[in-house]
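K.L.:
Right, I'll just put the structure down here and ask away after.
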Amino acid sequence: MASTTLSKNFVQAIQNRRTYYKLSKKQILPDSELVKLVKQVVREAPSSFNVQSSRVVILLGNQHNNYWDKIVPDSLRAAAGDSAVEASQGKLEGFKGGYGTILFFEDEKLIKGQQEAFPQYAAGFPLWSEHSTGMAQSYVWVLLEAEGYGCNLQHYGGLTGDALKKVYNLPESYKLQSEMVFGYPEAPAGEKAYHSDHERVIAYGHSA
Ligand SMILES: Cc1cc2nc3c(=O)[nH]c(=O)nc-3n(C[C@H](O)[C@H](O)[C@H](O)COP(=O)(O)O)c2cc1C
């Protein structure tokens, strides 16, 4: 059992984090407050050798709408044709129905820099960069849901990364990792099955 108020709240916040698909544009926080909170948690996310390679772009209002009804469908059409867009229409409209989208990038320039500086670990840095983005993503996900939002995580990055760099004049070295759609949760999260804790976490030995 969590023993301090802080750890109880921490566990509670983590237990509250779920995937929500039915989201609306109903406002929860002023945009400036939302952006400030995201900055606060991204700042604290750990990274290998403290490289701080995670980069975040927050799309709100018409920028969020444009991502889901222009950038994604156009990129999807270019890669897989009209039928792929038609098949995804309902899903994309659902994402557009949310309040905003948080784009998570890793700056590969910094990862290459690490590889040059520490060649003995060169093979590890790209992997640890992916670990780092996951940490930043989970901080933001837990944060937003603690504030009352619902979120879901999407991966159109392989298709939309280049278009985003053009539209927002982002550095070439930014690699899109994921898109976190968030908004007012209009329906509860689905049922979730759990593997048993003792299958997933094992402890050996004990202190005196
Ligand atoms: C690394 C990762 C990738 C995921 N990719 C997607 C995705 O592309 N689309 C999606 O709808 N959900 C995605 N999810 C959400 C998972 O399906 C979801 O977290 C999982 O089913 C557990 O449900 P929960 O988030 O409600 O706990 C992803 C989650 C993680 C951690």
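Numbering starts fresh at 1 for the residues of each chain in the structure tokens, the chains themselves are lettered A, B, ... in the order given, and ligands are numbered from 1 as they appear.
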Counting only C-alpha atoms, what is within 7 Å of A:Ser53, bar same-chain residues fewer than 5 positions away, as an NGL selection string?

P.N.:
:A and (106-107 or 110)

K.L.:
May I have the residues from that selection written out with C-alpha atoms, as a compact mmCIF listing (two decimals), in the first residue's frame?

P.N.:
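Dumped to again.txt:
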```txt
# COMPACT_ATOMS: atom_id res chain seq x y z
CA GLU A 106 12.63 13.02 -30.68
CA ASP A 107 15.42 15.27 -31.96
CA LEU A 110 20.95 15.08 -30.30
```

K.L.:
Mind the document's chain letters and residue numbers, and return as JSON, numbers by chain the residues of stretch 51-155 of chain A that DSSP labels strand (DSSP E).

P.N.:
{"A": [54, 55, 56, 57, 58, 59, 60, 100, 101, 102, 103, 104, 105, 106, 107, 150, 151, 152, 153, 154]}

K.L.:
Write the residues you've just listed into a file as an mmCIF file, in the first residue's frame, and include C-alpha atoms for each of them.

P.N.:
```
data_model
loop_
_atom_site.group_PDB
_atom_site.id
_atom_site.type_symbol
_atom_site.label_atom_id
_atom_site.label_comp_id
_atom_site.auth_asym_id
_atom_site.auth_seq_id
_atom_site.Cartn_x
_atom_site.Cartn_y
_atom_site.Cartn_z
ATOM 1 C CA SER A 54 12.010 14.904 -26.451
ATOM 2 C CA ARG A 55 10.246 17.703 -28.304
ATOM 3 C CA VAL A 56 6.549 18.428 -28.084
ATOM 4 C CA VAL A 57 4.226 20.390 -30.355
ATOM 5 C CA ILE A 58 0.731 21.094 -29.031
ATOM 6 C CA LEU A 59 -1.979 21.537 -31.648
ATOM 7 C CA LEU A 60 -5.110 23.362 -30.507
ATOM 8 C CA GLY A 100 -6.225 19.055 -29.075
ATOM 9 C CA THR A 101 -3.344 16.848 -30.151
ATOM 10 C CA ILE A 102 0.090 16.622 -28.612
ATOM 11 C CA LEU A 103 2.794 15.600 -31.070
ATOM 12 C CA PHE A 104 5.812 13.900 -29.520
ATOM 13 C CA PHE A 105 9.090 14.075 -31.417
ATOM 14 C CA GLU A 106 12.632 13.016 -30.677
ATOM 15 C CA ASP A 107 15.415 15.265 -31.963
ATOM 16 C CA GLY A 150 -9.347 11.815 -21.667
ATOM 17 C CA CYS A 151 -6.518 10.852 -24.057
ATOM 18 C CA ASN A 152 -5.712 8.302 -26.701
ATOM 19 C CA LEU A 153 -2.402 7.604 -28.367
ATOM 20 C CA GLN A 154 -2.039 7.406 -32.154
#
```

K.L.:
Using only C-alpha atoms and all ligand atoms, what table do you get, as CSV, when you list each residue of chain A with an atom no more than 8 Å from ligand 1, its nearest pair of atoms, and their distance in Å rounded to one decimal, rows by chain then rising number?

P.N.:
```
residue,atom,partner,partner_atom_place_in_ligand_line,distance
A:Arg17,CA,ligand 1,27 (O),6.5
A:Arg18,CA,ligand 1,26 (O),3.4
A:Thr19,CA,ligand 1,26 (O),3.7
A:Tyr20,CA,ligand 1,26 (O),7.0
A:Tyr21,CA,ligand 1,11 (O),7.8
A:Gly134,CA,ligand 1,1 (C),7.1
A:Asn152,CA,ligand 1,12 (N),6.0
A:Leu153,CA,ligand 1,13 (C),4.8
A:Gln154,CA,ligand 1,8 (O),4.1
A:His155,CA,ligand 1,8 (O),4.6
A:Tyr156,CA,ligand 1,8 (O),7.7
A:Ser178,CA,ligand 1,8 (O),7.9
A:Ala189,CA,ligand 1,26 (O),6.2
A:Gly190,CA,ligand 1,26 (O),6.8
A:Glu191,CA,ligand 1,26 (O),7.9
A:Lys192,CA,ligand 1,23 (O),6.4
```

K.L.:
Based on the selection just made, write C-alpha atoms of those residues as a PDB file, in the first residue's frame.

P.N.:
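Written out: selection_31.pdb:
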```pdb
ATOM      1  CA  ARG A  17      -4.882   6.866 -16.766  1.00  0.00           C
ATOM      2  CA  ARG A  18      -6.771   5.005 -19.444  1.00  0.00           C
ATOM      3  CA  THR A  19      -7.448   5.225 -23.180  1.00  0.00           C
ATOM      4  CA  TYR A  20     -10.507   7.355 -24.045  1.00  0.00           C
ATOM      5  CA  TYR A  21     -11.761   7.539 -27.607  1.00  0.00           C
ATOM      6  CA  GLY A 134       7.730   6.913 -23.786  1.00  0.00           C
ATOM      7  CA  ASN A 152      -5.712   8.302 -26.701  1.00  0.00           C
ATOM      8  CA  LEU A 153      -2.402   7.604 -28.367  1.00  0.00           C
ATOM      9  CA  GLN A 154      -2.039   7.406 -32.154  1.00  0.00           C
ATOM     10  CA  HIS A 155       0.793   6.606 -34.573  1.00  0.00           C
ATOM     11  CA  TYR A 156       0.438   8.267 -37.965  1.00  0.00           C
ATOM     12  CA  SER A 178       3.259   9.606 -31.567  1.00  0.00           C
ATOM     13  CA  ALA A 189     -12.788   3.928 -20.970  1.00  0.00           C
ATOM     14  CA  GLY A 190     -13.432   0.371 -22.124  1.00  0.00           C
ATOM     15  CA  GLU A 191     -13.024  -2.733 -20.005  1.00  0.00           C
ATOM     16  CA  LYS A 192      -9.413  -3.640 -19.397  1.00  0.00           C
TER      17      LYS A 192
END
```

K.L.:
Restricting the calculation to only C-alpha atoms: of A:Ile111, A:Ala203, A:Val142, A:Ala80, which residue gets closest to A:Pro126?

P.N.:
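The shortest atom-to-atom distance to A:Pro126 comes from A:Ile111.
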
K.L.:
Looking only at helix (DSSP H, G or I) from DSSP on the backbone, list the matching residues of stretch 10-208 of chain A as a count of residues only.

P.N.:
111

K.L.:
Quick one: residues within 6 Å of A:Gly183, only C-alpha atoms counted, chain neighbours fewer than 6 positions away excluded, as a JSON list (two decimals) with all heavy atoms, in the first residue's frame?

P.N.:
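Saved result, out18.json, follows:
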```
[["chain", "number", "residue", "atom", "x", "y", "z"],
["A", 23, "LEU", "N", -14.22, 11.74, -27.28],
["A", 23, "LEU", "CA", -13.76, 13.01, -26.69],
["A", 23, "LEU", "C", -14.49, 14.17, -27.35],
["A", 23, "LEU", "O", -14.84, 14.10, -28.52],
["A", 23, "LEU", "CB", -12.25, 13.18, -26.95],
["A", 23, "LEU", "CG", -11.36, 12.03, -26.44],
["A", 23, "LEU", "CD1", -9.93, 12.22, -26.94],
["A", 23, "LEU", "CD2", -11.38, 11.96, -24.93],
["A", 24, "SER", "N", -14.67, 15.25, -26.58],
["A", 24, "SER", "CA", -15.28, 16.44, -27.18],
["A", 24, "SER", "C", -14.39, 17.65, -26.95],
["A", 24, "SER", "O", -13.35, 17.57, -26.28],
["A", 24, "SER", "CB", -16.67, 16.69, -26.60],
["A", 24, "SER", "OG", -16.54, 17.21, -25.30],
["A", 25, "LYS", "N", -14.83, 18.76, -27.49],
["A", 25, "LYS", "CA", -14.04, 19.99, -27.44],
["A", 25, "LYS", "C", -14.38, 20.85, -26.22],
["A", 25, "LYS", "O", -13.93, 22.00, -26.13],
["A", 25, "LYS", "CB", -14.26, 20.81, -28.72],
["A", 25, "LYS", "CG", -13.78, 20.08, -29.97],
["A", 25, "LYS", "CD", -13.85, 20.97, -31.20],
["A", 25, "LYS", "CE", -13.46, 20.19, -32.44],
["A", 25, "LYS", "NZ", -12.05, 19.77, -32.45],
["A", 98, "GLY", "N", -11.83, 15.71, -30.67],
["A", 98, "GLY", "CA", -11.17, 16.06, -29.41],
["A", 98, "GLY", "C", -10.78, 17.53, -29.35],
["A", 98, "GLY", "O", -10.98, 18.28, -30.31],
["A", 99, "TYR", "N", -10.19, 17.92, -28.24],
["A", 99, "TYR", "CA", -9.84, 19.33, -28.00],
["A", 99, "TYR", "C", -8.50, 19.70, -28.61],
["A", 99, "TYR", "O", -8.30, 20.81, -29.10],
["A", 99, "TYR", "CB", -9.79, 19.56, -26.48],
["A", 99, "TYR", "CG", -9.58, 21.00, -26.09],
["A", 99, "TYR", "CD1", -10.66, 21.86, -25.96],
["A", 99, "TYR", "CD2", -8.29, 21.49, -25.83],
["A", 99, "TYR", "CE1", -10.47, 23.19, -25.60],
["A", 99, "TYR", "CE2", -8.10, 22.81, -25.47],
["A", 99, "TYR", "CZ", -9.19, 23.66, -25.35],
["A", 99, "TYR", "OH", -8.99, 24.98, -25.00],
["A", 149, "TYR", "N", -9.02, 15.43, -18.39],
["A", 149, "TYR", "CA", -9.13, 15.12, -19.82],
["A", 149, "TYR", "C", -9.17, 13.61, -20.02],
["A", 149, "TYR", "O", -8.79, 12.84, -19.14],
["A", 149, "TYR", "CB", -7.91, 15.65, -20.59],
["A", 149, "TYR", "CG", -7.77, 17.15, -20.60],
["A", 149, "TYR", "CD1", -6.96, 17.79, -19.66],
["A", 149, "TYR", "CD2", -8.43, 17.92, -21.54],
["A", 149, "TYR", "CE1", -6.82, 19.17, -19.67],
["A", 149, "TYR", "CE2", -8.30, 19.30, -21.56],
["A", 149, "TYR", "CZ", -7.50, 19.92, -20.61],
["A", 149, "TYR", "OH", -7.37, 21.28, -20.62],
["A", 150, "GLY", "N", -9.56, 13.18, -21.21],
["A", 150, "GLY", "CA", -9.35, 11.82, -21.67],
["A", 150, "GLY", "C", -8.35, 11.89, -22.82],
["A", 150, "GLY", "O", -8.31, 12.90, -23.55]]
```

K.L.:
Could you name the residues that touch A:Val42 at 8 Å or less, counting only C-alpha atoms, but leaving out those on the same chain fewer than 5 positions away, as a ChimeraX atom specification?

P.N.:
/A:54,136,139-140

K.L.:
For A:Pro171, list every protein, DNA or RNA residue within 10 Å, evaluated using only C-alpha atoms, and leave out those in the same chain fewer than 4 positions away; present the list as JSON, numbers by chain.

P.N.:
{"A": [107, 108, 109, 165, 166, 175]}

K.L.:
Nearest residue to A:Leu159 out of A:Phe118, A:Phe182, A:Tyr194, A:Tyr67, using only C-alpha atoms?

P.N.:
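Of A:Phe118, A:Phe182, A:Tyr194, A:Tyr67, the one nearest A:Leu159 is A:Tyr67, counting only C-alpha atoms.
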
K.L.:
Can you list, as JSON, numbers by chain, every protein, DNA or RNA residue that comes within 7 Å of A:Asn65 when you count only C-alpha atoms, leaving out same-chain residues fewer than 4 positions away?

P.N.:
{"A": [61, 69, 96]}

K.L.:
So how many Å separate atom CA of A:Ser48 and atom CA of A:Ala123, to one decimal?

P.N.:
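Atom-to-atom, atom CA of A:Ser48 to atom CA of A:Ala123, that is 12.7 Å.
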
K.L.:
Would you mind reading off the distance between atom CA of A:Phe49 and atom CA of A:Gln114, one decimal, in Å?

P.N.:
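Computed distance, atom CA of A:Phe49 to atom CA of A:Gln114, equals 8.5 Å.
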
K.L.:
What does the structure give for the distance between atom CA of A:Leu37 and atom CA of A:Lys112, in Å to one decimal?

P.N.:
29.3 Å

K.L.:
A:Val11: which residues within 12 Å, counting only C-alpha atoms, same-chain residues fewer than 4 positions away excluded, as JSON, numbers by chain?

P.N.:
{"A": [1, 2, 3, 4, 5, 6, 7, 15, 16, 17, 142, 146]}
